[in-house]
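Asks: Got my_file_25.txt for you, compact mmCIF, C-alpha atoms and all ligand atoms:
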# COMPACT_ATOMS: atom_id res chain seq x y z
CA MET A 10 0.29 -11.22 -18.60
CA ARG A 11 0.92 -13.74 -15.82
CA VAL A 12 4.31 -12.94 -14.33
CA LEU A 13 6.17 -15.07 -11.79
CA ALA A 14 8.82 -13.24 -9.77
CA LEU A 15 11.68 -14.85 -7.86
CA SER A 16 13.94 -12.92 -5.51
CA SER A 17 16.18 -13.09 -2.51
CA GLY A 18 17.31 -10.06 -0.55
CA THR A 19 20.54 -9.33 1.26
CA SER A 20 19.35 -11.30 4.29
CA VAL A 21 19.61 -14.51 2.21
CA ASP A 22 16.78 -15.82 4.43
CA ALA A 23 14.58 -17.39 1.72
CA ILE A 24 13.66 -17.32 -1.96
CA ASP A 25 10.55 -15.15 -2.29
CA VAL A 26 8.13 -16.03 -5.05
CA ALA A 27 5.09 -14.09 -6.21
CA LEU A 28 2.61 -14.49 -9.04
CA ALA A 29 0.84 -11.45 -10.48
CA ASP A 30 -1.41 -10.82 -13.44
CA LEU A 31 -0.57 -7.50 -15.06
CA ASP A 32 -1.90 -5.39 -17.87
CA ASP A 33 -1.83 -1.75 -18.80
CA ALA A 34 -3.89 0.65 -20.87
CA GLY A 35 -3.95 4.41 -21.18
CA GLY A 36 -1.04 4.84 -18.79
CA VAL A 37 -2.64 2.81 -16.02
CA VAL A 38 -0.98 -0.44 -15.01
CA ARG A 39 -3.09 -2.96 -13.15
CA MET A 40 -1.46 -5.65 -11.01
CA ARG A 41 -3.57 -8.45 -9.57
CA THR A 42 -1.66 -10.12 -6.76
CA LEU A 43 -2.48 -13.80 -7.18
CA ALA A 44 -0.18 -15.72 -4.83
CA HIS A 45 3.06 -15.43 -2.91
CA THR A 46 5.13 -17.43 -0.52
CA GLU A 47 8.73 -18.00 0.46
CA ARG A 48 10.69 -21.19 -0.10
CA GLY A 49 13.68 -22.10 2.02
CA TRP A 50 17.13 -22.19 0.52
CA PRO A 51 18.78 -25.60 0.44
CA PRO A 52 20.64 -25.13 3.78
CA PRO A 53 24.14 -25.98 2.51
CA LEU A 54 23.73 -23.51 -0.37
CA ARG A 55 22.59 -20.73 1.96
CA ALA A 56 25.59 -21.40 4.20
CA ARG A 57 27.94 -21.19 1.20
CA ILE A 58 26.42 -17.89 0.01
CA LEU A 59 26.87 -16.36 3.45
CA ALA A 60 30.39 -17.78 3.69
CA ALA A 61 31.31 -16.17 0.35
CA LEU A 62 30.18 -12.66 1.34
CA PRO A 63 32.59 -10.02 2.65
CA PRO A 64 34.65 -9.83 4.77
CA ALA A 65 35.46 -13.36 3.55
CA ALA A 66 37.71 -13.77 0.55
CA THR A 67 36.21 -15.87 -2.19
CA ASP A 68 37.43 -17.13 -5.55
CA LEU A 69 35.98 -17.21 -9.03
CA GLY A 70 35.49 -20.97 -8.91
CA GLU A 71 33.13 -20.57 -5.98
CA VAL A 72 31.40 -17.63 -7.71
CA CYS A 73 30.82 -19.87 -10.75
CA ARG A 74 29.48 -22.71 -8.59
CA LEU A 75 27.19 -20.34 -6.67
CA ASP A 76 25.90 -18.71 -9.87
CA THR A 77 24.98 -22.15 -11.19
CA GLU A 78 23.49 -23.55 -7.99
CA ILE A 79 21.50 -20.38 -7.18
CA GLY A 80 20.13 -20.45 -10.74
CA GLN A 81 19.16 -24.09 -10.24
CA ALA A 82 17.55 -23.34 -6.87
CA PHE A 83 15.57 -20.44 -8.35
CA GLY A 84 14.61 -22.67 -11.28
CA ASP A 85 13.33 -25.33 -8.87
CA VAL A 86 11.23 -22.75 -7.02
CA GLY A 87 9.89 -21.41 -10.32
CA ALA A 88 8.94 -24.91 -11.48
CA TRP A 89 7.31 -25.60 -8.11
CA ALA A 90 5.28 -22.38 -8.33
CA ILE A 91 4.11 -23.10 -11.87
CA GLY A 92 3.05 -26.57 -10.74
CA ALA A 93 1.18 -25.14 -7.74
CA TRP A 94 -0.29 -21.97 -9.27
CA GLY A 95 -0.52 -22.66 -12.99
CA ALA A 96 1.22 -21.58 -16.19
CA VAL A 97 2.87 -18.18 -16.53
CA ASP A 98 3.91 -16.04 -19.48
CA LEU A 99 7.10 -14.65 -18.03
CA VAL A 100 9.52 -15.33 -15.17
CA VAL A 101 11.43 -12.48 -13.55
CA SER A 102 14.46 -13.27 -11.42
CA HIS A 103 16.20 -10.77 -9.22
CA GLY A 104 18.80 -13.37 -8.25
CA GLN A 105 20.95 -13.06 -5.15
CA THR A 106 22.97 -9.89 -4.70
CA VAL A 107 26.51 -10.77 -3.69
CA HIS A 108 28.16 -7.40 -4.34
CA HIS A 109 27.01 -3.83 -4.92
CA TRP A 110 29.97 -1.71 -6.03
CA VAL A 111 29.66 1.90 -4.87
CA GLU A 112 32.52 4.36 -4.79
CA PRO A 113 31.89 6.80 -1.97
CA VAL A 114 32.32 10.54 -2.39
CA PRO A 115 35.34 11.23 -0.17
CA ASP A 116 34.14 14.47 1.39
CA GLY A 117 30.58 13.30 1.87
CA GLY A 118 29.50 16.53 0.19
CA ALA A 119 27.07 17.16 -2.60
CA GLY A 120 29.36 15.55 -5.17
CA VAL A 121 28.69 15.93 -8.85
CA ASP A 122 25.64 15.02 -10.89
CA GLY A 123 23.63 14.20 -7.82
CA ALA A 124 26.10 11.50 -6.77
CA GLY A 125 26.67 12.89 -3.30
CA GLY A 126 25.67 9.53 -1.90
CA GLY A 127 28.47 7.86 -3.84
CA ARG A 128 28.57 6.62 -7.40
CA ALA A 129 27.41 3.08 -8.13
CA ARG A 130 29.79 1.40 -10.56
CA GLY A 131 28.40 -2.12 -10.76
CA THR A 132 26.30 -4.72 -9.05
CA LEU A 133 26.29 -8.51 -9.12
CA GLN A 134 23.27 -10.75 -8.66
CA LEU A 135 24.01 -14.45 -8.99
CA GLY A 136 21.60 -17.11 -10.27
CA ALA A 137 22.29 -18.01 -13.91
CA ALA A 138 19.03 -17.35 -15.72
CA ALA A 139 19.50 -20.17 -18.25
CA TRP A 140 18.84 -22.66 -15.44
CA ILE A 141 15.62 -20.88 -14.58
CA ALA A 142 14.55 -20.84 -18.23
CA ALA A 143 15.44 -24.52 -18.54
CA ARG A 144 13.37 -25.51 -15.51
CA THR A 145 10.36 -23.27 -16.17
CA ALA A 146 10.42 -23.32 -20.00
CA ARG A 147 9.58 -19.61 -19.93
CA PRO A 148 11.49 -16.49 -20.95
CA VAL A 149 13.34 -15.00 -17.99
CA ILE A 150 14.07 -11.34 -17.33
CA HIS A 151 16.99 -10.93 -14.92
CA ASP A 152 19.89 -8.60 -14.07
CA LEU A 153 17.39 -5.84 -13.35
CA ARG A 154 19.82 -3.38 -11.79
CA THR A 155 22.70 -2.94 -14.22
CA ALA A 156 20.86 -0.90 -16.85
CA ASP A 157 20.07 1.78 -14.27
CA ILE A 158 23.73 1.92 -13.21
CA ALA A 159 24.77 2.16 -16.86
CA ALA A 160 22.48 5.21 -17.09
CA GLY A 161 24.25 6.80 -14.11
CA GLY A 162 21.84 5.60 -11.43
CA GLN A 163 22.42 3.78 -8.16
CA GLY A 164 20.78 0.56 -9.40
CA ALA A 165 19.23 0.29 -5.92
CA PRO A 166 16.73 0.67 -4.43
CA LEU A 167 14.61 -0.13 -7.50
CA VAL A 168 11.24 0.39 -5.83
CA SER A 169 10.71 4.07 -6.71
CA LEU A 170 8.27 3.60 -9.58
CA LEU A 171 6.02 1.21 -7.66
CA ASP A 172 5.91 3.58 -4.69
CA ALA A 173 5.32 6.62 -6.88
CA LEU A 174 2.50 4.94 -8.83
CA TRP A 175 0.91 3.56 -5.67
CA LEU A 176 1.33 6.00 -2.78
CA ALA A 177 1.72 9.53 -4.14
CA ASP A 178 -1.70 10.82 -3.09
CA ARG A 179 -0.06 12.45 -0.04
CA PRO A 180 3.43 12.94 1.43
CA THR A 181 4.50 9.37 2.11
CA ALA A 182 7.67 7.53 2.97
CA ALA A 183 7.66 3.96 1.73
CA LEU A 184 10.07 2.00 3.90
CA ASN A 185 11.36 -1.52 3.30
CA ILE A 186 13.37 -3.17 6.05
CA GLY A 187 15.32 -6.11 4.70
CA GLY A 188 18.99 -6.77 5.32
CA ILE A 189 19.47 -3.19 4.11
CA ALA A 190 16.68 -0.65 4.70
CA ASN A 191 15.46 1.68 1.97
CA ILE A 192 13.03 4.57 1.63
CA THR A 193 11.15 6.23 -1.20
CA LEU A 194 9.65 9.66 -0.60
CA VAL A 195 6.59 10.35 -2.75
CA GLY A 196 3.63 12.73 -2.80
CA ASP A 197 5.66 15.82 -1.94
CA GLY A 198 7.33 17.07 -5.11
CA VAL A 199 10.14 15.15 -6.75
CA VAL A 200 10.36 11.44 -5.93
CA ARG A 201 13.52 10.56 -4.00
CA THR A 202 14.86 7.16 -3.00
CA GLY A 203 17.82 5.52 -1.32
CA ASP A 204 19.14 3.00 1.14
CA THR A 205 19.15 4.40 4.67
CA GLY A 206 21.77 1.86 5.81
CA PRO A 207 21.52 -1.42 7.70
CA GLY A 208 18.07 -2.86 8.23
CA ASN A 209 18.41 -6.30 9.78
CA CYS A 210 21.85 -7.29 8.49
CA LEU A 211 24.04 -6.17 11.40
CA LEU A 212 21.55 -7.52 13.94
CA ASP A 213 21.23 -10.85 12.10
CA ALA A 214 25.03 -11.21 11.98
CA ALA A 215 25.45 -10.40 15.68
CA VAL A 216 22.62 -12.74 16.74
CA SER A 217 24.05 -15.50 14.57
CA THR A 218 27.54 -15.09 16.04
CA HIS A 219 26.38 -14.98 19.67
CA THR A 220 23.40 -17.35 19.68
CA GLY A 221 23.59 -19.41 16.48
CA ARG A 222 20.09 -18.25 15.50
CA ALA A 223 19.44 -16.66 12.10
CA PHE A 224 17.72 -13.57 13.58
CA ASP A 225 16.34 -12.07 16.79
CA PRO A 226 12.89 -13.73 17.04
CA ASP A 227 10.24 -11.00 17.21
CA GLY A 228 12.95 -8.68 18.58
CA ALA A 229 12.77 -10.44 21.96
CA LEU A 230 16.53 -10.48 22.57
CA ALA A 231 16.95 -6.77 21.79
CA GLY A 232 13.83 -6.05 23.87
CA ALA A 233 15.56 -7.60 26.87
CA GLY A 234 18.72 -5.51 26.42
CA ARG A 235 19.69 -1.87 26.93
CA VAL A 236 21.00 0.48 24.29
CA ASP A 237 24.70 1.28 24.85
CA GLN A 238 24.73 5.02 24.08
CA GLY A 239 28.49 5.21 23.57
CA ALA A 240 28.49 2.40 21.06
CA LEU A 241 25.40 3.82 19.34
CA ALA A 242 27.05 7.23 18.97
CA ALA A 243 30.17 5.66 17.46
CA LEU A 244 28.09 3.67 14.97
CA LEU A 245 25.95 6.70 14.05
CA ALA A 246 29.13 8.61 13.14
CA ASP A 247 29.47 6.63 9.89
CA PRO A 248 29.37 9.32 7.18
CA TYR A 249 27.06 7.21 5.01
CA TYR A 250 24.01 8.25 7.01
CA ALA A 251 24.42 11.98 6.37
CA ARG A 252 24.89 11.60 2.62
CA PRO A 253 22.08 12.88 0.43
CA LEU A 254 19.69 10.76 -1.62
CA PRO A 255 19.95 8.99 -3.97
CA LYS A 256 22.39 6.56 -2.42
CA SER A 257 22.80 2.81 -2.11
CA THR A 258 24.84 0.40 -0.07
CA GLY A 259 25.08 -3.28 0.76
CA ARG A 260 26.53 -6.01 2.87
CA GLU A 261 30.00 -5.42 1.46
CA THR A 262 29.96 -2.22 3.57
CA PHE A 263 27.83 -3.32 6.53
CA ASP A 264 29.47 -6.73 6.73
CA GLY A 265 29.91 -9.24 9.53
CA GLY A 266 33.06 -7.52 10.79
CA TYR A 267 31.73 -3.94 10.50
CA VAL A 268 30.57 -3.41 14.10
CA SER A 269 33.76 -4.57 15.78
CA VAL A 270 35.94 -2.62 13.33
CA VAL A 271 34.01 0.65 13.84
CA LEU A 272 33.83 0.31 17.61
CA SER A 273 37.45 -0.63 18.06
CA ALA A 274 38.50 2.33 15.86
CA ALA A 275 36.42 4.58 18.13
CA GLY A 276 37.92 3.01 21.27
CA VAL A 277 34.50 1.78 22.39
CA ALA A 278 33.94 -1.73 23.71
CA VAL A 279 31.48 -3.96 21.87
CA PRO A 280 28.39 -4.25 24.12
CA SER A 281 27.71 -7.76 25.29
CA GLY A 282 24.74 -10.03 24.61
CA ASN A 283 21.33 -8.47 24.46
CA ASP A 284 22.76 -4.96 24.86
CA LEU A 285 24.54 -5.39 21.53
CA PHE A 286 21.28 -6.49 19.89
CA ALA A 287 19.40 -3.57 21.48
CA THR A 288 22.06 -1.15 20.25
CA LEU A 289 22.02 -2.48 16.67
CA THR A 290 18.21 -2.40 16.61
CA GLU A 291 18.29 1.21 17.77
CA LEU A 292 20.88 2.03 15.09
CA THR A 293 18.38 0.87 12.47
CA VAL A 294 15.55 2.85 14.10
CA ARG A 295 17.60 6.04 14.36
CA THR A 296 19.07 5.97 10.87
CA ILE A 297 15.67 5.33 9.28
CA ALA A 298 13.82 7.93 11.37
CA GLU A 299 16.52 10.55 10.84
CA ALA A 300 16.62 9.95 7.08
CA ILE A 301 12.85 10.37 6.79
CA GLY A 302 12.91 13.40 9.10
CA ARG A 303 15.68 15.07 7.10
CA ASP A 304 14.66 14.18 3.54
CA GLY A 305 10.89 14.04 3.97
CA PRO A 306 10.03 16.52 6.72
CA ARG A 307 6.41 16.77 5.55
CA THR A 308 5.87 13.01 5.58
CA GLU A 309 2.38 12.20 6.86
CA ARG A 310 2.48 8.47 6.45
CA VAL A 311 5.17 5.76 6.57
CA VAL A 312 4.28 2.54 4.75
CA VAL A 313 6.60 -0.20 5.97
CA SER A 314 7.33 -3.63 4.51
CA GLY A 315 10.02 -6.32 4.67
CA GLY A 316 10.97 -8.86 7.30
CA GLY A 317 11.76 -6.11 9.81
CA VAL A 318 8.00 -5.67 10.28
CA ARG A 319 8.12 -8.89 12.32
CA ASN A 320 10.63 -7.47 14.81
CA ALA A 321 8.45 -5.97 17.55
CA THR A 322 11.30 -4.06 19.21
CA LEU A 323 12.30 -2.47 15.91
CA MET A 324 8.71 -1.57 15.09
CA ALA A 325 8.10 -0.08 18.56
CA GLY A 326 11.18 2.10 18.14
CA LEU A 327 10.03 3.26 14.70
CA ARG A 328 6.49 3.97 15.94
CA SER A 329 7.84 6.16 18.73
CA ARG A 330 9.68 8.34 16.20
CA LEU A 331 7.53 8.18 13.06
CA PRO A 332 3.87 9.17 13.20
CA GLY A 333 1.50 7.56 10.71
CA LEU A 334 3.34 4.24 10.50
CA VAL A 335 1.34 1.49 8.79
CA THR A 336 2.38 -1.78 7.21
CA SER A 337 2.01 -2.20 3.46
CA ASP A 338 -0.56 -4.96 4.11
CA THR A 339 -3.09 -2.32 5.10
CA LEU A 340 -2.79 -0.81 1.61
CA GLY A 341 -2.94 -4.07 -0.31
CA LEU A 342 0.62 -5.41 -0.60
CA ALA A 343 1.74 -8.07 1.89
CA ALA A 344 4.73 -6.74 3.83
CA GLU A 345 6.75 -9.90 3.29
CA ALA A 346 6.02 -10.01 -0.45
CA LYS A 347 6.21 -6.38 -1.56
CA GLU A 348 9.67 -6.82 -3.05
CA ALA A 349 8.70 -9.95 -4.99
CA TYR A 350 5.62 -8.19 -6.40
CA LEU A 351 7.86 -5.23 -7.23
CA PHE A 352 10.00 -7.46 -9.42
CA ALA A 353 6.88 -8.85 -11.10
CA LEU A 354 5.92 -5.26 -11.95
CA LEU A 355 9.42 -4.34 -13.16
CA GLY A 356 9.65 -7.48 -15.31
CA TYR A 357 6.26 -6.73 -16.83
CA LEU A 358 7.27 -3.15 -17.63
CA SER A 359 10.51 -4.40 -19.22
CA ALA A 360 8.61 -6.91 -21.34
CA ARG A 361 6.40 -4.02 -22.51
CA GLY A 362 9.46 -1.90 -23.26
CA LEU A 363 8.65 0.61 -20.51
CA PRO A 364 11.13 2.14 -18.03
CA GLY A 365 11.18 0.84 -14.47
CA THR A 366 12.22 3.86 -12.38
CA ALA A 367 10.29 6.92 -11.25
CA PRO A 368 10.85 10.25 -13.02
CA ALA A 369 12.50 12.85 -10.81
CA GLY A 370 12.39 16.06 -12.85
CA GLY A 371 13.54 16.59 -16.44
CA ARG A 372 15.20 13.47 -17.77
CA ARG A 373 16.53 12.46 -14.36
CA ARG A 374 15.20 9.40 -12.50
CA ALA A 375 14.77 8.86 -8.77
CA THR A 376 17.74 6.48 -8.73
CA GLY A 377 19.99 9.29 -9.99
CA ALA A 378 20.04 7.93 -13.55
CA SER A 379 20.23 10.62 -16.21
CA SER A 380 17.65 8.96 -18.45
CA ALA A 381 14.78 6.50 -18.39
CA VAL A 382 15.89 2.98 -19.21
CA VAL A 383 14.18 -0.36 -19.66
CA LEU A 384 15.54 -2.62 -16.94
CA GLY A 385 16.84 -6.16 -17.25
CA SER A 386 18.29 -8.70 -19.61
CA LEU A 387 16.24 -11.31 -21.40
CA THR A 388 16.98 -15.01 -21.54
CA PRO A 389 14.75 -16.63 -24.16
CA PRO A 390 12.66 -19.64 -23.17
CA ALA A 391 14.31 -23.04 -23.35
CA PRO A 392 13.78 -25.12 -25.30
CA ALA A 393 13.43 -22.30 -27.82
CA PRO A 394 10.15 -22.79 -29.65
CA CYS A 395 10.36 -22.58 -33.42
CA PRO A 396 7.51 -20.28 -34.49
CA PRO A 397 5.00 -22.00 -36.77
CA GLY A 398 5.86 -21.69 -40.43
CA ARG A 399 9.56 -20.97 -39.79
CA VAL A 400 12.17 -23.59 -40.71
CA PRO A 401 14.99 -24.10 -38.17
CA VAL A 402 18.34 -22.68 -39.31
CA HIS A 403 20.35 -25.44 -41.02
CA ARG A 404 22.99 -23.72 -43.15
CA LEU A 405 25.24 -20.63 -43.02
CA VAL A 406 26.15 -18.59 -46.07
CA LEU A 407 29.26 -16.48 -45.49
CA GLU A 408 29.74 -13.45 -47.70
CA GLU A 409 32.61 -10.95 -47.69
CA GLY A 410 31.38 -7.39 -47.31
N1 LIG V 1 9.80 -13.37 13.29
C1 LIG V 1 10.78 -12.49 13.08
N2 LIG V 1 11.28 -11.78 14.10
C2 LIG V 1 12.27 -10.89 13.90
N3 LIG V 1 12.84 -10.66 12.72
C3 LIG V 1 12.38 -11.35 11.66
C4 LIG V 1 11.34 -12.29 11.77
N4 LIG V 1 11.11 -12.81 10.54
C5 LIG V 1 11.97 -12.21 9.70
N5 LIG V 1 12.75 -11.33 10.37
C6 LIG V 1 13.83 -10.50 9.85
O1 LIG V 1 13.59 -10.25 8.50
C7 LIG V 1 14.72 -10.66 7.71
C8 LIG V 1 14.26 -11.06 6.34
O2 LIG V 1 13.58 -9.96 5.80
P1 LIG V 1 13.52 -9.74 4.24
O3 LIG V 1 12.55 -8.66 3.99
O4 LIG V 1 13.30 -11.05 3.58
O5 LIG V 1 14.99 -9.23 3.95
P2 LIG V 1 15.83 -9.35 2.60
O6 LIG V 1 15.06 -8.58 1.58
O7 LIG V 1 17.15 -8.76 2.94
O8 LIG V 1 15.90 -10.83 2.29
C9 LIG V 1 15.36 -11.76 8.53
O9 LIG V 1 16.72 -11.92 8.19
C10 LIG V 1 15.16 -11.23 9.94
O10 LIG V 1 16.15 -10.29 10.27
MG MG V 2 14.43 -12.14 2.25
Spell out the structure here as structure tokens.
Ligand SMILES: Nc1ncnc2c1ncn2[C@@H]1O[C@H](COP(=O)(O)OP(=O)(O)O)[C@@H](O)[C@H]1O
Ligand SMILES: [Mg+2]
Replies:
Amino acid sequence: MRVLALSSGTSVDAIDVALADLDDAGGVVRMRTLAHTERGWPPPLRARILAALPPAATDLGEVCRLDTEIGQAFGDVGAWAIGAWGAVDLVVSHGQTVHHWVEPVPDGGAGVDGAGGGRARGTLQLGAAAWIAARTARPVIHDLRTADIAAGGQGAPLVSLLDALWLADRPTAALNIGGIANITLVGDGVVRTGDTGPGNCLLDAAVSTHTGRAFDPDGALAGAGRVDQGALAALLADPYYARPLPKSTGRETFDGGYVSVVLSAAGVAVPSGNDLFATLTELTVRTIAEAIGRDGPRTERVVVSGGGVRNATLMAGLRSRLPGLVTSDTLGLAAEAKEAYLFALLGYLSARGLPGTAPAGGRRRATGASSAVVLGSLTPPAPAPCPPGRVPVHRLVLEEG
């Protein structure tokens, strides 16, 4: 089955697109990675998405407009990809996350039912799938996260099954550094997964505010600064980091105002210029390294992906703390496209009626869900083909029961 996946992460940097050919037999799923690239957002649309995110207030009219226009933008990218790469059987759209609703456990303790990292209550990815179906004329699987939340899971990260199927031959931490960073621990007993906290999102926001750039190119600005230890300690005190897996978070927590709010509450001045960027980069390094050290102490290998791979300062910090760090490219999945290929896999599994999260003992899943669920919602292809031999519906007979 040729599956085209479309996604955008919390960085809102680009629409990622990947084409894979998948099949499965005897419990073995095969994914041939055929093509991937990223396509830029229409700049005004990207600016409006960022402007709508917390701490900004937004209204339902703008949510409706964004849902429509993101769906149209994804549909355009899907149509472009089909034109460039050939016909597909199925389109999978992650959409654009604009809110991930997690209620924290107040005491930060073990909580109940494995929800010590907080209980996810809902999640919202915009990008109305009907527009994607209209522009690609293919069925679209979308809203991949809600079914896991409905089963008691975090709904994020959703990468546990891919990592477990792919990397479990020895104790491994799969690490993806997008706007939010996440880990999956495989190959050492029960699979565990969760968001470690900010990946690039706080750094991107600070760099944007102070320099107007979208991100710190190759980590050069942070590399020229010094870590402010007082500010770092205040930021590391956020109770999120100590919470157990599974757990998930998003930009509604680590938002554009987060750093100044936390530091002013701690009575610590916001570092200036490059020192701020160095401090936020080190926050990402420390929270990732400490999460892997605490939850995966026997980790032999860290397989890293996501845009953070291109930040040399961040990668140098991670290498100094995590032995056995390799990028996912070395094992066959391009670092910048792992997430898009993940959604191709999840969409394929959903189309086959198979669950999309890793088992984690008994009926429990790595996301914290209490049962295995098939992920996603299905939007039929448009225009809906009328199967041969079937007459279109033309009359309704109402009967009282
Ligand atoms: N050349 C680069 N130098 C430094 N950071 C980069 C570079 N390219 C991408 N990034 C970082 O990667 C982010 C995008 O990574 P990505 O994996 O797409 O995140 P997300 O899944 O949140 O969209 C950018 O916002 C930026 O922080
Ligand atoms: Mg991205």
Asks: Select all residues near (25.8, -5.1, -3.7) (cut-off 10 Å, inclusive, file coordinates), counting all atoms listed in the file, and output them as a VMD selection string.
Replies: chain A and resid 19 105 to 111 129 131 to 134 164 to 165 257 to 262
Asks: I'd like the neighbourhood of Ala275 (chain A) as a CSV table (one decimal) with C-alpha atoms, in the frame of the given file, where a residue qualifies if any of its atoms comes within 10 Å (using only C-alpha atoms), though same-chain residues fewer than 4 positions away should be ignored.
Replies:
chain,number,residue,atom,x,y,z
A,239,GLY,CA,28.5,5.2,23.6
A,240,ALA,CA,28.5,2.4,21.1
A,242,ALA,CA,27.0,7.2,19.0
A,243,ALA,CA,30.2,5.7,17.5
A,244,LEU,CA,28.1,3.7,15.0
A,246,ALA,CA,29.1,8.6,13.1
A,269,SER,CA,33.8,-4.6,15.8
A,270,VAL,CA,35.9,-2.6,13.3
A,271,VAL,CA,34.0,0.6,13.8
Asks: Can you tell me how far CA of Asp30 (chain A) sits from CA of Asp152 (chain A), in Å to one decimal?
Replies: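 Result for CA of Asp30 (chain A) versus CA of Asp152 (chain A): 21.4 Å, one decimal.
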Asks: Distance limit 6 Å, reference ligand LIG 1 (chain V), atoms considered: all atoms listed in the file. Which residues make the cut? Give them as a PyMOL selection string.
Replies: chain A and resi 17-22+186-188+209+213+224-228+315-317+319-320+345
Asks: Given all atoms listed in the file as the basis, pick out the residue of A:Arg307, A:Arg404, A:Arg144, A:Arg373 nearest to Ile91 (chain A).
Replies: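 Closest residue, counting all atoms listed in the file: A:Arg144.
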Asks: Could you tell me how far CA of Leu135 (chain A) lies from CA of Pro248 (chain A), in Å and to one decimal?
Replies: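 Interatomic distance, CA of Leu135 (chain A) to CA of Pro248 (chain A): 29.2 Å.
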Asks: Using Å and a single decimal, report how far CA of Leu384 (chain A) sits from CA of Arg11 (chain A).
Replies: 18.4 Å
Asks: Using all atoms listed in the file, what residues lie at most 9 Å away from (2.9, -15.5, -15.2) (file coordinates), given as a PyMOL selection string?
Replies: chain A and resi 10-14+28-31+91+95-100+353
Asks: Generate a file of the selected residues that holds C-alpha atoms, formatted as a short mmCIF file (atom, residue, chain, number, x, y, z; two decimals), keeping the file's coordinate frame.
Replies:
data_model
loop_
_atom_site.label_atom_id
_atom_site.label_comp_id
_atom_site.auth_asym_id
_atom_site.auth_seq_id
_atom_site.Cartn_x
_atom_site.Cartn_y
_atom_site.Cartn_z
CA MET A 10 0.29 -11.22 -18.60
CA ARG A 11 0.92 -13.74 -15.82
CA VAL A 12 4.31 -12.94 -14.33
CA LEU A 13 6.17 -15.07 -11.79
CA ALA A 14 8.82 -13.24 -9.77
CA LEU A 28 2.61 -14.49 -9.04
CA ALA A 29 0.84 -11.45 -10.48
CA ASP A 30 -1.41 -10.82 -13.44
CA LEU A 31 -0.57 -7.50 -15.06
CA ILE A 91 4.11 -23.10 -11.87
CA GLY A 95 -0.52 -22.66 -12.99
CA ALA A 96 1.22 -21.58 -16.19
CA VAL A 97 2.87 -18.18 -16.53
CA ASP A 98 3.91 -16.04 -19.48
CA LEU A 99 7.10 -14.65 -18.03
CA VAL A 100 9.52 -15.33 -15.17
CA ALA A 353 6.88 -8.85 -11.10
#
Asks: I'd like to know which of A:Pro401, A:Leu171, A:Arg130, A:Asp68 is closest to Ile158 (chain A), using all atoms listed in the file.
Replies: A:Arg130
Asks: Would you kindly return, as a list in words, each protein, DNA or RNA residue with an atom no farther than 7 Å from any atom of Leu387 (chain A), considering only C-alpha atoms and excluding same-chain residues fewer than 2 positions away?
Replies: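 Those residues are Val149, Ile150, His151, Gly385 and Pro389 of chain A.
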Asks: How would the residues just picked look written out with C-alpha atoms as a PDB file, in the frame of the given file?
Replies:
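File produced: again_28.pdb:
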ATOM      1  CA  VAL A 149      13.340 -15.000 -17.990  1.00  0.00           C
ATOM      2  CA  ILE A 150      14.070 -11.340 -17.330  1.00  0.00           C
ATOM      3  CA  HIS A 151      16.990 -10.930 -14.920  1.00  0.00           C
ATOM      4  CA  GLY A 385      16.840  -6.160 -17.250  1.00  0.00           C
ATOM      5  CA  PRO A 389      14.750 -16.630 -24.160  1.00  0.00           C
TER       6      PRO A 389
END
Asks: Please rebuild region 344-353 of chain A with N, CA and C atoms and return the result as a PDB file, in the coordinates of the input.
Replies:
ATOM      1  N   ALA A 344       3.424  -7.298   3.454  1.00  0.00           N
ATOM      2  CA  ALA A 344       4.730  -6.740   3.830  1.00  0.00           C
ATOM      3  C   ALA A 344       5.877  -7.665   3.429  1.00  0.00           C
ATOM      4  N   GLU A 345       5.651  -8.972   3.569  1.00  0.00           N
ATOM      5  CA  GLU A 345       6.750  -9.900   3.290  1.00  0.00           C
ATOM      6  C   GLU A 345       6.914 -10.153   1.791  1.00  0.00           C
ATOM      7  N   ALA A 346       5.980  -9.695   0.985  1.00  0.00           N
ATOM      8  CA  ALA A 346       6.020 -10.010  -0.450  1.00  0.00           C
ATOM      9  C   ALA A 346       6.116  -8.775  -1.322  1.00  0.00           C
ATOM     10  N   LYS A 347       6.204  -7.589  -0.727  1.00  0.00           N
ATOM     11  CA  LYS A 347       6.210  -6.380  -1.560  1.00  0.00           C
ATOM     12  C   LYS A 347       7.348  -6.411  -2.579  1.00  0.00           C
ATOM     13  N   GLU A 348       8.532  -6.838  -2.123  1.00  0.00           N
ATOM     14  CA  GLU A 348       9.670  -6.820  -3.050  1.00  0.00           C
ATOM     15  C   GLU A 348       9.470  -7.802  -4.203  1.00  0.00           C
ATOM     16  N   ALA A 349       8.914  -8.974  -3.915  1.00  0.00           N
ATOM     17  CA  ALA A 349       8.700  -9.950  -4.990  1.00  0.00           C
ATOM     18  C   ALA A 349       7.670  -9.399  -5.989  1.00  0.00           C
ATOM     19  N   TYR A 350       6.600  -8.791  -5.478  1.00  0.00           N
ATOM     20  CA  TYR A 350       5.620  -8.190  -6.400  1.00  0.00           C
ATOM     21  C   TYR A 350       6.247  -7.020  -7.168  1.00  0.00           C
ATOM     22  N   LEU A 351       7.148  -6.290  -6.517  1.00  0.00           N
ATOM     23  CA  LEU A 351       7.860  -5.230  -7.230  1.00  0.00           C
ATOM     24  C   LEU A 351       8.575  -5.791  -8.457  1.00  0.00           C
ATOM     25  N   PHE A 352       9.259  -6.926  -8.280  1.00  0.00           N
ATOM     26  CA  PHE A 352      10.000  -7.460  -9.420  1.00  0.00           C
ATOM     27  C   PHE A 352       9.056  -7.990 -10.500  1.00  0.00           C
ATOM     28  N   ALA A 353       7.880  -8.468 -10.082  1.00  0.00           N
ATOM     29  CA  ALA A 353       6.880  -8.850 -11.100  1.00  0.00           C
ATOM     30  C   ALA A 353       6.500  -7.617 -11.926  1.00  0.00           C
TER      31      ALA A 353
END
